[in-house]
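Data file: query_3.cif. Format and content: mmCIF, C-alpha atoms and all ligand atoms.
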data_protein
loop_
_atom_site.label_atom_id
_atom_site.label_comp_id
_atom_site.auth_asym_id
_atom_site.auth_seq_id
_atom_site.Cartn_x
_atom_site.Cartn_y
_atom_site.Cartn_z
CA PHE J 151 -11.86 10.09 7.62
CA PRO J 152 -8.53 11.50 6.36
CA VAL J 153 -6.16 9.02 4.72
CA VAL J 154 -2.48 9.48 3.85
CA VAL J 155 -1.19 7.14 1.12
CA LEU J 156 2.47 6.09 0.81
CA ILE J 157 3.76 4.82 -2.54
CA SER J 158 6.99 3.88 -4.32
CA GLY J 159 5.74 2.88 -7.76
CA THR J 160 3.14 3.46 -10.42
CA GLY J 161 0.38 4.10 -7.90
CA SER J 162 -2.34 1.95 -9.46
CA ASN J 163 -3.72 1.24 -6.00
CA LEU J 164 -3.63 4.96 -5.22
CA ALA J 165 -5.50 5.67 -8.47
CA ALA J 166 -8.18 3.14 -7.46
CA LEU J 167 -8.57 4.81 -4.05
CA LEU J 168 -8.92 8.21 -5.72
CA ALA J 169 -11.41 6.94 -8.33
CA ALA J 170 -13.59 5.32 -5.65
CA GLU J 171 -13.51 8.54 -3.67
CA ARG J 172 -15.48 10.25 -6.43
CA ALA J 173 -18.51 8.15 -5.47
CA GLU J 174 -20.92 10.30 -3.53
CA ASP J 175 -21.14 8.10 -0.46
CA CYS J 176 -17.40 7.57 -0.05
CA PRO J 177 -16.59 7.67 3.69
CA TYR J 178 -12.86 8.49 3.36
CA ALA J 179 -10.76 11.24 1.80
CA VAL J 180 -7.15 10.91 0.64
CA VAL J 181 -5.55 14.09 1.98
CA ALA J 182 -1.91 13.64 0.93
CA VAL J 183 0.40 11.23 -0.90
CA LEU J 184 3.98 10.64 0.20
CA ALA J 185 6.73 8.62 -1.44
CA ASP J 186 10.26 7.48 -0.65
CA ARG J 187 11.38 8.29 -4.20
CA ASP J 188 10.24 10.24 -7.23
CA ALA J 189 7.52 7.66 -7.92
CA SER J 190 5.57 8.00 -11.17
CA GLY J 191 2.37 7.40 -9.21
CA LEU J 192 2.69 10.83 -7.59
CA GLU J 193 1.20 12.09 -10.84
CA HIS J 194 -2.21 10.70 -9.77
CA ALA J 195 -2.00 12.80 -6.62
CA ARG J 196 -0.97 15.94 -8.47
CA ALA J 197 -3.79 15.46 -10.98
CA ALA J 198 -6.22 15.28 -8.04
CA GLY J 199 -4.76 18.48 -6.59
CA LEU J 200 -3.41 16.70 -3.52
CA PRO J 201 -0.26 17.68 -1.64
CA THR J 202 2.69 15.35 -2.27
CA GLU J 203 6.04 14.95 -0.59
CA VAL J 204 9.07 12.79 -1.32
CA VAL J 205 11.07 11.64 1.72
CA PRO J 206 14.10 9.70 0.38
CA LEU J 207 16.10 7.45 2.70
CA ALA J 208 19.31 8.68 1.05
CA ASP J 209 18.67 12.25 2.22
CA HIS J 210 18.94 11.20 5.86
CA ALA J 211 21.85 10.27 8.10
CA ASP J 212 20.42 6.85 8.88
CA ARG J 213 17.22 4.81 8.84
CA ALA J 214 16.06 6.16 12.20
CA ALA J 215 16.36 9.76 10.98
CA TRP J 216 14.45 8.86 7.80
CA ASP J 217 11.76 7.06 9.78
CA ALA J 218 11.34 10.07 12.07
CA ALA J 219 11.13 12.47 9.11
CA LEU J 220 8.58 10.24 7.39
CA ALA J 221 6.47 9.96 10.57
CA GLU J 222 6.53 13.74 10.91
CA ALA J 223 5.58 14.29 7.26
CA VAL J 224 2.66 11.87 7.62
CA ALA J 225 1.53 13.33 10.96
CA ALA J 226 1.41 16.83 9.46
CA HIS J 227 -1.71 15.72 7.55
CA ARG J 228 -3.41 14.29 10.67
CA PRO J 229 -4.59 11.05 9.06
CA GLN J 230 -6.84 8.53 10.76
CA LEU J 231 -5.42 5.87 8.48
CA VAL J 232 -2.11 5.41 6.66
CA VAL J 233 -2.23 3.22 3.53
CA LEU J 234 0.93 1.67 2.15
CA ALA J 235 0.00 1.18 -1.51
CA GLY J 236 3.06 -0.34 -3.13
CA PHE J 237 5.40 1.32 -0.63
CA MET J 238 8.57 -0.70 -0.98
CA LYS J 239 10.31 0.19 2.28
CA LEU J 240 9.84 -1.24 5.74
CA VAL J 241 8.33 1.36 8.00
CA GLY J 242 10.22 2.02 11.22
CA PRO J 243 9.34 2.38 14.90
CA ALA J 244 8.59 6.12 14.72
CA LEU J 245 5.79 5.64 12.20
CA LEU J 246 4.53 2.53 14.01
CA GLU J 247 4.50 4.33 17.33
CA ALA J 248 2.60 7.30 15.92
CA PHE J 249 0.08 5.28 13.90
CA GLY J 250 0.20 1.73 15.31
CA GLY J 251 -2.92 -0.23 14.39
CA ARG J 252 -3.86 2.45 11.86
CA ILE J 253 -1.49 1.47 9.04
CA VAL J 254 -2.54 -0.98 6.34
CA ASN J 255 -0.49 -2.53 3.58
CA THR J 256 -1.35 -4.36 0.40
CA HIS J 257 0.76 -7.36 -0.61
CA PRO J 258 0.57 -9.28 -3.91
CA ALA J 259 0.43 -12.81 -2.45
CA LEU J 260 -1.69 -14.87 -0.09
CA LEU J 261 0.11 -14.29 3.20
CA PRO J 262 1.63 -15.90 5.17
CA SER J 263 2.96 -17.38 1.92
CA PHE J 264 5.50 -15.36 -0.04
CA PRO J 265 6.13 -12.28 2.12
CA GLY J 266 8.73 -9.70 1.13
CA ALA J 267 9.49 -7.64 -1.93
CA HIS J 268 8.95 -10.39 -4.55
CA GLY J 269 5.62 -11.98 -3.66
CA VAL J 270 4.56 -12.53 -7.27
CA ARG J 271 7.91 -13.88 -8.49
CA ASP J 272 8.29 -16.17 -5.46
CA ALA J 273 4.79 -17.65 -5.87
CA LEU J 274 5.47 -18.31 -9.56
CA ALA J 275 8.86 -19.88 -8.82
CA HIS J 276 7.30 -22.15 -6.19
CA GLY J 277 4.75 -23.39 -8.71
CA VAL J 278 1.60 -22.67 -6.71
CA ARG J 279 -1.61 -22.93 -8.73
CA ILE J 280 -3.42 -20.28 -6.72
CA THR J 281 -2.01 -17.04 -5.37
CA GLY J 282 -3.61 -13.63 -4.82
CA CYS J 283 -3.31 -10.60 -2.63
CA SER J 284 -3.65 -9.65 1.01
CA VAL J 285 -4.49 -6.41 2.79
CA ILE J 286 -2.94 -6.47 6.24
CA GLU J 287 -2.48 -4.35 9.32
CA VAL J 288 1.17 -3.28 9.49
CA ASP J 289 3.26 -4.36 12.47
CA ALA J 290 7.02 -4.42 13.05
CA GLY J 291 7.56 -7.60 11.00
CA VAL J 292 7.80 -8.16 7.25
CA ASP J 293 4.22 -8.76 6.07
CA THR J 294 3.32 -10.41 9.40
CA GLY J 295 0.42 -8.21 10.53
CA ARG J 296 -3.20 -9.22 11.01
CA ILE J 297 -4.92 -10.13 7.74
CA LEU J 298 -7.85 -7.84 6.97
CA ALA J 299 -8.86 -9.20 3.54
CA GLN J 300 -7.64 -11.56 0.83
CA ALA J 301 -8.57 -12.47 -2.73
CA ALA J 302 -7.42 -15.44 -4.80
CA VAL J 303 -6.04 -15.44 -8.33
CA GLU J 304 -5.40 -18.55 -10.42
CA VAL J 305 -1.93 -19.03 -11.87
CA ARG J 306 -1.94 -19.87 -15.58
CA GLU J 307 0.52 -22.16 -17.33
CA GLU J 308 1.79 -19.33 -19.55
CA ASP J 309 2.06 -16.73 -16.78
CA THR J 310 5.09 -14.50 -16.40
CA GLU J 311 5.67 -12.33 -13.35
CA ALA J 312 4.21 -9.40 -15.32
CA THR J 313 1.02 -11.11 -16.54
CA LEU J 314 0.33 -12.64 -13.13
CA HIS J 315 1.00 -9.36 -11.31
CA ALA J 316 -1.38 -7.56 -13.69
CA ARG J 317 -4.23 -9.97 -12.81
CA ILE J 318 -3.38 -9.71 -9.10
CA LYS J 319 -3.51 -5.92 -9.28
CA ALA J 320 -6.96 -6.12 -10.88
CA VAL J 321 -8.32 -7.79 -7.74
CA GLU J 322 -5.98 -6.01 -5.32
CA GLN J 323 -7.33 -2.56 -6.14
CA PRO J 324 -11.02 -3.17 -5.33
CA LEU J 325 -9.99 -5.21 -2.28
CA LEU J 326 -7.92 -2.33 -0.88
CA VAL J 327 -10.68 0.19 -1.61
CA ASP J 328 -13.14 -2.06 0.17
CA VAL J 329 -10.97 -2.33 3.31
CA VAL J 330 -10.39 1.42 3.48
CA ARG J 331 -14.12 2.09 3.03
CA ARG J 332 -14.91 -0.43 5.75
CA LEU J 333 -12.41 1.05 8.22
CA ALA J 334 -13.68 4.55 7.51
CA ALA J 335 -17.33 3.55 7.90
CA ALA J 336 -16.55 1.82 11.22
CA SER J 337 -14.76 4.82 12.71
C1 LIG O 1 1.17 -3.83 -5.79
O1 LIG O 1 0.87 -5.08 -6.33
C2 LIG O 1 1.61 -3.96 -4.35
O2 LIG O 1 0.93 -4.92 -3.62
C3 LIG O 1 3.03 -4.36 -4.55
O3 LIG O 1 3.50 -3.57 -5.60
C4 LIG O 1 2.41 -3.21 -6.41
C5 LIG O 1 2.35 -1.74 -6.49
O4 LIG O 1 1.61 -1.31 -7.54
N1 LIG O 1 3.80 -4.31 -3.36
P1 LIG O 1 1.21 0.21 -7.76
O5 LIG O 1 2.40 1.08 -7.50
O6 LIG O 1 0.06 0.53 -6.82
O7 LIG O 1 0.78 0.24 -9.19
#

As structure tokens, how would this structure be written, given the file I've shared?
Amino acid sequence: FPVVVLISGTGSNLAALLAAERAEDCPYAVVAVLADRDASGLEHARAAGLPTEVVPLADHADRAAWDAALAEAVAAHRPQLVVLAGFMKLVGPALLEAFGGRIVNTHPALLPSFPGAHGVRDALAHGVRITGCSVIEVDAGVDTGRILAQAAVEVREEDTEATLHARIKAVEQPLLVDVVRRLAAAS
């Protein structure tokens, strides 16, 4: 069950997927890691000997051209699942058309609350006592796809965006691994 992972950041979710893959009975295999920028998380892929590719928006004439190039780069690895693991760009119609229903995303809030790029900060600013993370199926909207799994995290009085995000990531990683394992086992 080949999986392509897309990242923009430190790749902690990618690292969790790779670590879980070392278990003998793991039903999926990460076959390539792509990014929209020179993300530090690509290091996890290189350390695992996986092919990597950076497809920056700025290198393309417009968003449609970038989307098409990204879809092509992903398709080259023939994945059965595409995982957005801290990929901070909206995917476009080319990728959705090629892999619709087979793209999942992880978001650091309990959707449909606090969608968008600042899920942790927005939850903190709103003053919710419980937040968490969601793994969703990607559709054309911003964090609007079908919810596949969620986990709750309590907000503490002294929390900053960084401390809260760290505790969210600690539950987000096993949750994402679990969803990918489940989808692979069901295929
Ligand atoms: C994750 O919390 C993800 O949900 C959010 O950004 C974070 C990325 O972390 N969108 P990492 O790059 O996997 O460490």

Build an axis-aligned box that encloses every atom of ligand LIG 1 (chain O) listed in the file, pad it by 5 Å on each side, and report its centre and edge lengths in Å to one decimal, as AutoDock Vina command-line options.
--center_x 1.9 --center_y -2.0 --center_z -6.3 --size_x 13.7 --size_y 16.2 --size_z 15.8

Radius query 6 Å about (-5.9, -10.2, 4.8), atoms used: all atoms listed in the file, as an mmCIF file with C-alpha atoms, in the frame of the given file:
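Ended up saving to result-v1.cif:
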data_model
loop_
_atom_site.group_PDB
_atom_site.id
_atom_site.type_symbol
_atom_site.label_atom_id
_atom_site.label_comp_id
_atom_site.auth_asym_id
_atom_site.auth_seq_id
_atom_site.Cartn_x
_atom_site.Cartn_y
_atom_site.Cartn_z
ATOM 1 C CA SER J 284 -3.650 -9.650 1.010
ATOM 2 C CA VAL J 285 -4.490 -6.410 2.790
ATOM 3 C CA ILE J 286 -2.940 -6.470 6.240
ATOM 4 C CA ILE J 297 -4.920 -10.130 7.740
ATOM 5 C CA LEU J 298 -7.850 -7.840 6.970
ATOM 6 C CA ALA J 299 -8.860 -9.200 3.540
ATOM 7 C CA GLN J 300 -7.640 -11.560 0.830
#

Show me, as an NGL selection string, the residues that have an atom within 8 Å of range 186-194 of chain J when counting only C-alpha atoms, minus same-chain residues fewer than 4 positions from it. :J and (157-162 or 164-165 or 198 or 202 or 204-207 or 237 or 239)

Using C-alpha atoms, can you write the selected residues to a file as a compact mmCIF listing (two decimals), keeping the file's coordinate frame?
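Final file, selection.txt:
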# COMPACT_ATOMS: atom_id res chain seq x y z
CA ILE J 157 3.76 4.82 -2.54
CA SER J 158 6.99 3.88 -4.32
CA GLY J 159 5.74 2.88 -7.76
CA THR J 160 3.14 3.46 -10.42
CA GLY J 161 0.38 4.10 -7.90
CA SER J 162 -2.34 1.95 -9.46
CA LEU J 164 -3.63 4.96 -5.22
CA ALA J 165 -5.50 5.67 -8.47
CA ALA J 198 -6.22 15.28 -8.04
CA THR J 202 2.69 15.35 -2.27
CA VAL J 204 9.07 12.79 -1.32
CA VAL J 205 11.07 11.64 1.72
CA PRO J 206 14.10 9.70 0.38
CA LEU J 207 16.10 7.45 2.70
CA PHE J 237 5.40 1.32 -0.63
CA LYS J 239 10.31 0.19 2.28

Could you give me, as CSV, a per-residue list for range 202-253 of chain J showing, wherever an atom lies at most 10 Å from an atom of range 167-185 of chain J, the closest pair of atoms and their distance in Å to one decimal, using all atoms listed in the file and sorting by chain then residue number from low to high?
residue,atom,partner,partner_atom,distance
J:Thr202,CA,J:Val183,CA,4.9
J:Glu203,CA,J:Leu184,CA,4.8
J:Val204,CA,J:Ala185,CA,4.8
J:Val205,CA,J:Ala185,CA,6.2
J:Pro206,CA,J:Ala185,CA,7.7
J:Leu220,CA,J:Leu184,CA,8.5
J:Ala223,CA,J:Leu184,CA,8.1
J:Val224,CA,J:Leu184,CA,7.6
J:Ala226,CA,J:Ala182,CA,9.7
J:His227,CA,J:Ala182,CA,6.9
J:Arg228,CA,J:Val181,CA,9.0
J:Pro229,CA,J:Val181,CA,7.8
J:Gln230,CA,J:Tyr178,CA,9.5
J:Leu231,CA,J:Tyr178,CA,9.4
J:Val232,CA,J:Val180,CA,9.6
J:Val233,CA,J:Val183,CA,9.5
J:Leu234,CA,J:Leu184,CA,9.7
J:Ala235,CA,J:Leu167,CA,9.6
J:Gly236,CA,J:Ala185,CA,9.8
J:Phe237,CA,J:Ala185,CA,7.5
J:Met238,CA,J:Ala185,CA,9.5
J:Lys239,CA,J:Ala185,CA,9.9

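What separates CA of Thr256 in chain J from CA of Ala312 in chain J is a distance of 17.4 Å.
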
Pick out the residues sitting within 7 Å of Val305 in chain J, and hand them over as a short mmCIF file (atom, residue, chain, number, x, y, z; two decimals) with C-alpha atoms, in the frame of the given file; count only C-alpha atoms, and ignore anything fewer than 4 positions along from it in its own chain.
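Generated output (result_2.cif):
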data_model
loop_
_atom_site.label_atom_id
_atom_site.label_comp_id
_atom_site.auth_asym_id
_atom_site.auth_seq_id
_atom_site.Cartn_x
_atom_site.Cartn_y
_atom_site.Cartn_z
CA ARG J 279 -1.61 -22.93 -8.73
CA ILE J 280 -3.42 -20.28 -6.72
CA THR J 281 -2.01 -17.04 -5.37
CA ASP J 309 2.06 -16.73 -16.78
CA LEU J 314 0.33 -12.64 -13.13
#

Residue contacts of Gly266 in chain J (7 Å, all atoms listed in the file) excluding same-chain residues fewer than 2 positions away, as a ChimeraX atom specification: /J:264,268-269,292-293

What separation in Å, quoted to one decimal, exists between CA of Val327 in chain J and CA of Ala166 in chain J? 7.0 Å

When you draw a straight line from CA of Pro152 in chain J to CA of Leu325 in chain J, how long is it in Å? 18.9 Å

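Using all atoms listed in the file, the nearest neighbour of Ala244 in chain J within the list J:Ala219, J:Ala211, J:Ala259, J:Val153 is J:Ala219.
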
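Proximity of J:Leu200, J:Ala301, J:Val288, J:Val330 to Pro243 in chain J, computed with all atoms listed in the file, is greatest for J:Val288.
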
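Among the candidate residues J:His257, J:Arg332, J:His276, J:Arg306, the one lying nearest to ligand LIG 1 (chain O) is J:His257, with distances computed using only C-alpha atoms and all ligand atoms.
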